[in-house]
Amino acid sequence: MTTLVFGFVLIGLLVALVLLGMQIAYALFGVAFLGIWLIRDNIGLAFRMLELTAYSGIADYLFATIPLFVLMGLLVSVSNVGRDTFEVAEELLRRMICGLGVATVAANTIFAAVTGVSIASAAVFTRVAVPEMVRHGYRPAFSAGTVAGSSVLGMLIPPSLLLIIYGVLAEVSIGGMFIAGVVPGLMLAGGFVAMLVCVTLLFPRFVLTDPDSARERRLDRDFERMPLRVMIGKLIPILLLVLLVLGGLYTGFFTPTEAGGIGAFGALLIALSRRSLDRHKLWQVMKQTGVISVSILLLLIAASFYSRMLAIAGLPNAIAGLVTDSGFGPLGFIFFYAAIILLMGMILDSTSILLIMVPIATPIAQGMGIDLMHFGIVTVLAVEIGLLTPPFGISVFTVHNTLNDPDVSVEQIFAATLPFIGVMLLVLVIVALVPSTVTVFL
């Protein structure tokens with residue numbers, strides 16, 4: 001068996017172990033160790049490379065970005081900022097067609113700019129938006145699907161944990177990835193809004209239980225308006241935090257790590273000022289931050305070890321040769337790669353896909369002259385779609401479990417997210433065809 005064939009066998013073994021239920025970190029460590037040992041016939045070399053990777057894999061100061069942004073997101077979630085953002089969006093968009101659906105997308109867009117985790121958005125807005133949408137005549141399944149569909153914005157609009165992980169794996173600037181994600185993220189949010197309005201106009205009973213009464217309620221002027229002073233008070237904390245973190249990052253005043261520290265401190269001040277953080281909640285936030293951060297950092301060490309095994313096997317160069325010989329140009333390779341990720345998204349979670357695919361694909365993309373930041377946004381967009389596709393669809397399951405409504409099945413929520421998947425596929429194609437959508441601010 002040649003080294004190349006053996007490398008492909010190891011990748012197949014890795015995917016099989018993950019599908020059988022082994023945690024992705026252990027699968028990466030095990031396959032990488034076995035691969036180095038057998039390829040070089042030297043178990044001592046495998047141990048030495050593991051030791052070297054464990055230290056150098058996360059020794060960089062840049063990796064402090066991860067726990068700091070995780071802490072900021074958790075503190076913002078505890079502060080009920082998501083609820084306030086939705087209430088203001090609901091007030092401003094009350095008279096718009098599918099106003100509460102659009103309000104959910106708008107609130108998710110703003111909330112994504114300070115959390116970076118789709119699952120957090122899904123959990124927060126399931127509790128906040130779904131009951132309000134149902135009360136105003138929206139179908140429960142559509143309401144849950146709208147929350148699940150719009151929650152994926154947290155993975156693209158910076159700061160995003162997926163963008164950070166990709167930046168580390170591909171060895172590109174995390175600050176640059178954040179900037180690259182702005183326009184595609186806004187395109188996605190705008191596409192969701194346009195889709196919600198069109199679906200409501202064309203298929204009102206897919207959205208509303210009683211379209212006629214919903215229209216009367218929407219046009220009714222006899223409702224108590226939220227005072228402007230109250231709206232400003234609800235929005236100021238999150239807008240200041242977004243301006244502080246992203247403004248400082250994009251102007252170059254902060255490095256990504258410094259922006260994470262400033263953001264976490266700002267989120268702490270917001271939580272304290274709202275008196276939403278007692279000793280018990282603070283301990284829970286710190287514990288969750290530690291668990292999430294250590295899990296991600298362990299995954300990154302495992303991915304680095306796996307990348308070294310692939311390099312020893314010569315797999316990236318060999319695959320690059322196969323791609324070149326097959327006649328794929330850069331654009332053809334991007335679409336082929338995106339299709340593989342979409343298929344993997346049906347059976348694996350987002351982080352696992354990145355950890356398996358990025359070490360293989362980025363050397364090939366770089367060799368073909370593809371900008372790695374453009375490639376990264378295409379990657380994250382394709383991975384995001386997996387959050388909504390069955391049978392895995394973690395955002396859908398998060399909404400379903402948080403909602404805990406026996407009348408709303410998982411299948412109904414999956415069906416309600418199909419229009420969102422359509423918009424995401426369209427944005428993916430546009431971004432792949434027009435690299436300037438990513439590089440416009442770089």
# chains A, B, ... in the order shown; residues from 1 in each chain; ligands from 1
>>> closest_atom_pairs(of="segment 42-129 of chain A", to="segment 226-229 of chain A", cutoff="12 Å", atoms="only C-alpha atoms", output="CSV")
residue,atom,partner,partner_atom,distance
A:Asp84,CA,A:Met226,CA,11.8
A:Glu87,CA,A:Met226,CA,9.2
A:Val88,CA,A:Met226,CA,8.2
A:Ala89,CA,A:Met226,CA,11.0
A:Glu90,CA,A:Met226,CA,10.1
A:Glu91,CA,A:Met226,CA,6.8
A:Leu92,CA,A:Met226,CA,9.2
A:Arg94,CA,A:Met226,CA,11.4
>>> write_last_selection(atoms="N, CA and C atoms", output="JSON list (two decimals), in the first residue's frame")
[["chain", "number", "residue", "atom", "x", "y", "z"],
["A", 84, "ASP", "N", -34.06, 42.33, 24.90],
["A", 84, "ASP", "CA", -34.25, 43.77, 24.66],
["A", 84, "ASP", "C", -34.12, 44.12, 23.19],
["A", 87, "GLU", "N", -37.26, 43.09, 21.38],
["A", 87, "GLU", "CA", -38.40, 43.96, 21.70],
["A", 87, "GLU", "C", -38.34, 45.26, 20.91],
["A", 88, "VAL", "N", -37.16, 45.83, 20.76],
["A", 88, "VAL", "CA", -37.02, 47.06, 19.99],
["A", 88, "VAL", "C", -37.27, 46.79, 18.51],
["A", 89, "ALA", "N", -36.71, 45.70, 17.99],
["A", 89, "ALA", "CA", -36.94, 45.35, 16.59],
["A", 89, "ALA", "C", -38.42, 45.09, 16.33],
["A", 90, "GLU", "N", -39.08, 44.43, 17.27],
["A", 90, "GLU", "CA", -40.52, 44.18, 17.13],
["A", 90, "GLU", "C", -41.30, 45.49, 17.06],
["A", 91, "GLU", "N", -40.94, 46.45, 17.90],
["A", 91, "GLU", "CA", -41.62, 47.75, 17.91],
["A", 91, "GLU", "C", -41.42, 48.49, 16.58],
["A", 92, "LEU", "N", -40.20, 48.47, 16.07],
["A", 92, "LEU", "CA", -39.90, 49.23, 14.85],
["A", 92, "LEU", "C", -40.48, 48.58, 13.60],
["A", 94, "ARG", "N", -43.22, 46.44, 13.48],
["A", 94, "ARG", "CA", -44.55, 45.89, 13.73],
["A", 94, "ARG", "C", -45.47, 45.94, 12.51]]
>>> residues_around(residues="segment 336-353 of chain A", least_positions_apart="6", cutoff="9 Å", atoms="only C-alpha atoms", output="PyMOL selection string")
chain A and resi 15+18-19+24-25+162+165+296+299+328+361+378-394+428
>>> residues_around(residues="Leu163 of chain A", least_positions_apart="5", cutoff="10 Å", atoms="only C-alpha atoms", output="list in words")
Gly116, Met155, Leu156, Ile157, Pro158, Val168, Leu169, Ser173, Ile174, Gly175, Gly176, Met177, Phe178, Ala180, Gly181, Met373, Gly376, Ile377, Thr379 and Val380 of chain A
>>> select_by_dssp(residues="segment 312-384 of chain A", states="alpha helix (DSSP H)", output="ChimeraX atom specification")
/A:312-313,315-325,330-344,350-367,372-384
>>> write_last_selection(atoms="C-alpha atoms", output="PDB file, in the first residue's frame")
ATOM      1  CA  ILE A 312       4.058  13.426   6.383  1.00  0.00           C
ATOM      2  CA  ALA A 313       1.758  11.304   4.215  1.00  0.00           C
ATOM      3  CA  LEU A 315      -1.665  13.934   1.051  1.00  0.00           C
ATOM      4  CA  PRO A 316      -2.272  17.671   0.337  1.00  0.00           C
ATOM      5  CA  ASN A 317       0.289  17.700  -2.500  1.00  0.00           C
ATOM      6  CA  ALA A 318      -1.044  14.468  -3.913  1.00  0.00           C
ATOM      7  CA  ILE A 319      -4.661  15.668  -3.842  1.00  0.00           C
ATOM      8  CA  ALA A 320      -3.569  18.986  -5.376  1.00  0.00           C
ATOM      9  CA  GLY A 321      -1.989  17.017  -8.219  1.00  0.00           C
ATOM     10  CA  LEU A 322      -5.174  14.990  -8.712  1.00  0.00           C
ATOM     11  CA  VAL A 323      -7.297  18.155  -8.745  1.00  0.00           C
ATOM     12  CA  THR A 324      -4.991  19.819 -11.276  1.00  0.00           C
ATOM     13  CA  ASP A 325      -4.899  16.736 -13.507  1.00  0.00           C
ATOM     14  CA  PRO A 330      -9.960  27.382  -8.995  1.00  0.00           C
ATOM     15  CA  LEU A 331     -13.713  28.010  -9.280  1.00  0.00           C
ATOM     16  CA  GLY A 332     -14.456  24.372 -10.059  1.00  0.00           C
ATOM     17  CA  PHE A 333     -12.431  23.296  -7.044  1.00  0.00           C
ATOM     18  CA  ILE A 334     -14.304  25.757  -4.767  1.00  0.00           C
ATOM     19  CA  PHE A 335     -17.702  24.392  -5.838  1.00  0.00           C
ATOM     20  CA  PHE A 336     -16.518  20.766  -5.595  1.00  0.00           C
ATOM     21  CA  TYR A 337     -15.149  21.456  -2.103  1.00  0.00           C
ATOM     22  CA  ALA A 338     -18.364  23.239  -1.046  1.00  0.00           C
ATOM     23  CA  ALA A 339     -20.428  20.271  -2.260  1.00  0.00           C
ATOM     24  CA  ILE A 340     -18.348  17.893  -0.124  1.00  0.00           C
ATOM     25  CA  ILE A 341     -18.853  20.110   2.924  1.00  0.00           C
ATOM     26  CA  LEU A 342     -22.612  20.285   2.293  1.00  0.00           C
ATOM     27  CA  LEU A 343     -22.745  16.484   2.231  1.00  0.00           C
ATOM     28  CA  MET A 344     -20.621  16.223   5.375  1.00  0.00           C
ATOM     29  CA  SER A 350     -19.542  22.265  12.109  1.00  0.00           C
ATOM     30  CA  THR A 351     -16.322  22.057  14.102  1.00  0.00           C
ATOM     31  CA  SER A 352     -15.659  18.468  13.040  1.00  0.00           C
ATOM     32  CA  ILE A 353     -16.010  19.405   9.368  1.00  0.00           C
ATOM     33  CA  LEU A 354     -13.552  22.279   9.737  1.00  0.00           C
ATOM     34  CA  LEU A 355     -11.045  20.145  11.621  1.00  0.00           C
ATOM     35  CA  ILE A 356     -11.176  17.357   9.038  1.00  0.00           C
ATOM     36  CA  MET A 357     -11.351  19.371   5.810  1.00  0.00           C
ATOM     37  CA  VAL A 358      -9.430  22.632   6.296  1.00  0.00           C
ATOM     38  CA  PRO A 359      -5.979  21.032   6.815  1.00  0.00           C
ATOM     39  CA  ILE A 360      -6.487  19.085   3.568  1.00  0.00           C
ATOM     40  CA  ALA A 361      -8.094  21.788   1.435  1.00  0.00           C
ATOM     41  CA  THR A 362      -6.270  25.030   2.295  1.00  0.00           C
ATOM     42  CA  PRO A 363      -2.847  23.950   0.920  1.00  0.00           C
ATOM     43  CA  ILE A 364      -4.595  22.953  -2.322  1.00  0.00           C
ATOM     44  CA  ALA A 365      -6.504  26.252  -2.500  1.00  0.00           C
ATOM     45  CA  GLN A 366      -3.347  28.232  -1.823  1.00  0.00           C
ATOM     46  CA  GLY A 367      -1.494  26.309  -4.515  1.00  0.00           C
ATOM     47  CA  LEU A 372      -7.543  31.919   1.740  1.00  0.00           C
ATOM     48  CA  MET A 373      -9.860  34.494   3.326  1.00  0.00           C
ATOM     49  CA  HIS A 374     -12.288  34.174   0.417  1.00  0.00           C
ATOM     50  CA  PHE A 375     -11.923  30.403   0.694  1.00  0.00           C
ATOM     51  CA  GLY A 376     -12.614  30.626   4.427  1.00  0.00           C
ATOM     52  CA  ILE A 377     -15.884  32.532   4.026  1.00  0.00           C
ATOM     53  CA  VAL A 378     -17.058  30.008   1.417  1.00  0.00           C
ATOM     54  CA  THR A 379     -16.110  27.249   3.867  1.00  0.00           C
ATOM     55  CA  VAL A 380     -18.000  28.778   6.792  1.00  0.00           C
ATOM     56  CA  LEU A 381     -21.070  29.479   4.635  1.00  0.00           C
ATOM     57  CA  ALA A 382     -21.160  25.847   3.486  1.00  0.00           C
ATOM     58  CA  VAL A 383     -20.597  24.609   7.036  1.00  0.00           C
ATOM     59  CA  GLU A 384     -23.399  26.875   8.314  1.00  0.00           C
TER      60      GLU A 384
END
>>> residues_around(residues="segment 236-246 of chain A", least_positions_apart="3", cutoff="6 Å", atoms="only C-alpha atoms", output="PDB file with N, CA and C atoms, in the first residue's frame")
ATOM      1  N   ILE A 232     -34.185  53.520  23.226  1.00  0.00           N
ATOM      2  CA  ILE A 232     -32.764  53.899  23.258  1.00  0.00           C
ATOM      3  C   ILE A 232     -32.069  53.225  24.439  1.00  0.00           C
ATOM      4  N   GLY A 233     -32.746  53.200  25.576  1.00  0.00           N
ATOM      5  CA  GLY A 233     -32.161  52.561  26.758  1.00  0.00           C
ATOM      6  C   GLY A 233     -31.897  51.076  26.555  1.00  0.00           C
ATOM      7  N   LEU A 249     -11.547  46.955  16.445  1.00  0.00           N
ATOM      8  CA  LEU A 249     -10.876  45.904  15.669  1.00  0.00           C
ATOM      9  C   LEU A 249     -10.668  46.344  14.227  1.00  0.00           C
ATOM     10  N   TYR A 250     -11.721  46.904  13.606  1.00  0.00           N
ATOM     11  CA  TYR A 250     -11.638  47.266  12.194  1.00  0.00           C
ATOM     12  C   TYR A 250     -10.763  48.487  11.946  1.00  0.00           C
ATOM     13  N   ALA A 259      -9.376  43.034  21.524  1.00  0.00           N
ATOM     14  CA  ALA A 259     -10.807  43.274  21.319  1.00  0.00           C
ATOM     15  C   ALA A 259     -11.638  42.295  22.152  1.00  0.00           C
ATOM     16  N   GLY A 263     -14.095  43.512  25.007  1.00  0.00           N
ATOM     17  CA  GLY A 263     -15.488  43.099  24.878  1.00  0.00           C
ATOM     18  C   GLY A 263     -15.984  42.348  26.100  1.00  0.00           C
TER      19      GLY A 263
END
>>> residues_around(residues="Gly149 of chain A", least_positions_apart="3", cutoff="6 Å", atoms="only C-alpha atoms", output="PyMOL selection string")
chain A and resi 145-146+417+420
>>> write_last_selection(atoms="C-alpha atoms", output="CSV table (one decimal), in the first residue's frame")
chain,number,residue,atom,x,y,z
A,145,GLY,CA,-37.9,27.6,11.9
A,146,THR,CA,-37.3,31.4,11.6
A,417,THR,CA,-36.0,26.2,7.5
A,420,PHE,CA,-33.4,29.8,4.7
>>> closest_residue(among="A:Leu17, A:Cys198, A:Met72, A:Leu45", to="Met286 of chain A", atoms="only C-alpha atoms")
A:Met72
>>> residues_around(residues="segment 40-42 of chain A", least_positions_apart="4", cutoff="10 Å", atoms="only C-alpha atoms", output="NGL selection string")
:A and (3 or 34-36 or 46-47 or 312-313)
>>> write_last_selection(atoms="N, CA and C atoms", output="compact mmCIF listing (two decimals), in the first residue's frame")
# COMPACT_ATOMS: atom_id res chain seq x y z
N THR A 3 1.95 5.30 0.38
CA THR A 3 1.68 6.28 1.44
C THR A 3 0.41 7.06 1.14
N LEU A 34 -1.53 7.07 14.94
CA LEU A 34 -1.39 5.81 14.21
C LEU A 34 -0.74 6.03 12.85
N GLY A 35 -1.16 7.12 12.17
CA GLY A 35 -0.62 7.40 10.84
C GLY A 35 0.86 7.68 10.86
N ILE A 36 1.31 8.55 11.78
CA ILE A 36 2.75 8.87 11.87
C ILE A 36 3.56 7.63 12.24
N ALA A 46 6.27 9.42 16.70
CA ALA A 46 4.86 9.79 16.91
C ALA A 46 4.69 10.45 18.28
N PHE A 47 5.35 9.89 19.30
CA PHE A 47 5.26 10.49 20.64
C PHE A 47 5.92 11.86 20.68
N ILE A 312 3.12 14.56 6.45
CA ILE A 312 4.06 13.43 6.38
C ILE A 312 3.60 12.43 5.31
N ALA A 313 2.29 12.23 5.22
CA ALA A 313 1.76 11.30 4.22
C ALA A 313 1.81 11.89 2.80
>>> closest_residue(among="A:Ala416, A:Ile11, A:Thr289, A:Leu62", to="Val172 of chain A", atoms="only C-alpha atoms")
A:Leu62
>>> atom_distance(atom1="atom CA of Gly248 of chain A", atom2="atom CA of Ile262 of chain A")
9.5 Å
>>> atom_distance(atom1="atom CA of Pro256 of chain A", atom2="atom CA of Thr65 of chain A")
6.4 Å
>>> closest_residue(among="A:Val294, A:Val5, A:Leu403, A:Val182", to="Val124 of chain A", atoms="only C-alpha atoms")
A:Leu403
>>> residues_around(residues="Phe397 of chain A", least_positions_apart="4", cutoff="9 Å", atoms="only C-alpha atoms", output="list in words")
Ala148, Phe392, Gly393, Asn401, Thr402, Val410 and Ile413 of chain A
>>> write_last_selection(atoms="N, CA and C atoms", output="tab-separated table (two decimals), in the first residue's frame")
chain	number	residue	atom	x	y	z
A	148	ALA	N	-34.37	29.20	14.11
A	148	ALA	CA	-33.27	28.29	13.74
A	148	ALA	C	-32.53	28.81	12.51
A	392	PHE	N	-28.55	15.84	11.13
A	392	PHE	CA	-27.84	16.41	12.28
A	392	PHE	C	-28.48	17.73	12.71
A	393	GLY	N	-28.40	18.77	11.88
A	393	GLY	CA	-29.10	20.04	12.09
A	393	GLY	C	-29.13	20.53	13.52
A	401	ASN	N	-35.53	21.47	21.30
A	401	ASN	CA	-35.39	21.11	22.71
A	401	ASN	C	-35.69	22.28	23.63
A	402	THR	N	-35.30	23.49	23.23
A	402	THR	CA	-35.57	24.66	24.05
A	402	THR	C	-37.06	24.98	24.06
A	410	VAL	N	-39.72	17.99	15.13
A	410	VAL	CA	-38.44	18.33	14.50
A	410	VAL	C	-38.61	18.42	12.98
A	413	ILE	N	-39.98	21.76	11.89
A	413	ILE	CA	-38.99	22.84	11.96
A	413	ILE	C	-38.01	22.72	10.80
>>> closest_atom_pairs(of="segment 52-150 of chain A", to="segment 265-284 of chain A", cutoff="7 Å", atoms="only C-alpha atoms", output="Markdown table")
| residue | atom | partner | partner_atom | distance |
| --- | --- | --- | --- | --- |
| A:Met72 | CA | A:Ala267 | CA | 5.7 |
| A:Leu75 | CA | A:Ala267 | CA | 5.7 |
| A:Val76 | CA | A:Ala267 | CA | 5.7 |
| A:Val78 | CA | A:Ser276 | CA | 6.7 |
| A:Ser79 | CA | A:Ala271 | CA | 4.9 |
>>> write_last_selection(atoms="C-alpha atoms", output="compact mmCIF listing (two decimals), in the first residue's frame")
# COMPACT_ATOMS: atom_id res chain seq x y z
CA MET A 72 -18.20 37.98 26.26
CA LEU A 75 -22.10 37.46 29.72
CA VAL A 76 -24.23 39.10 27.02
CA VAL A 78 -26.99 36.37 30.85
CA SER A 79 -27.73 40.11 30.60
>>> closest_residue(among="A:Ile119, A:Leu100, A:Ile39, A:Val70", to="Gly7 of chain A", atoms="only C-alpha atoms")
A:Ile39
>>> closest_residue(among="A:Phe6, A:Glu51, A:Ile179, A:Ala113", to="Leu310 of chain A", atoms="only C-alpha atoms")
A:Phe6
>>> closest_residue(among="A:Ala415, A:Arg127, A:Ile97, A:Tyr26", to="Phe206 of chain A", atoms="only C-alpha atoms")
A:Ala415
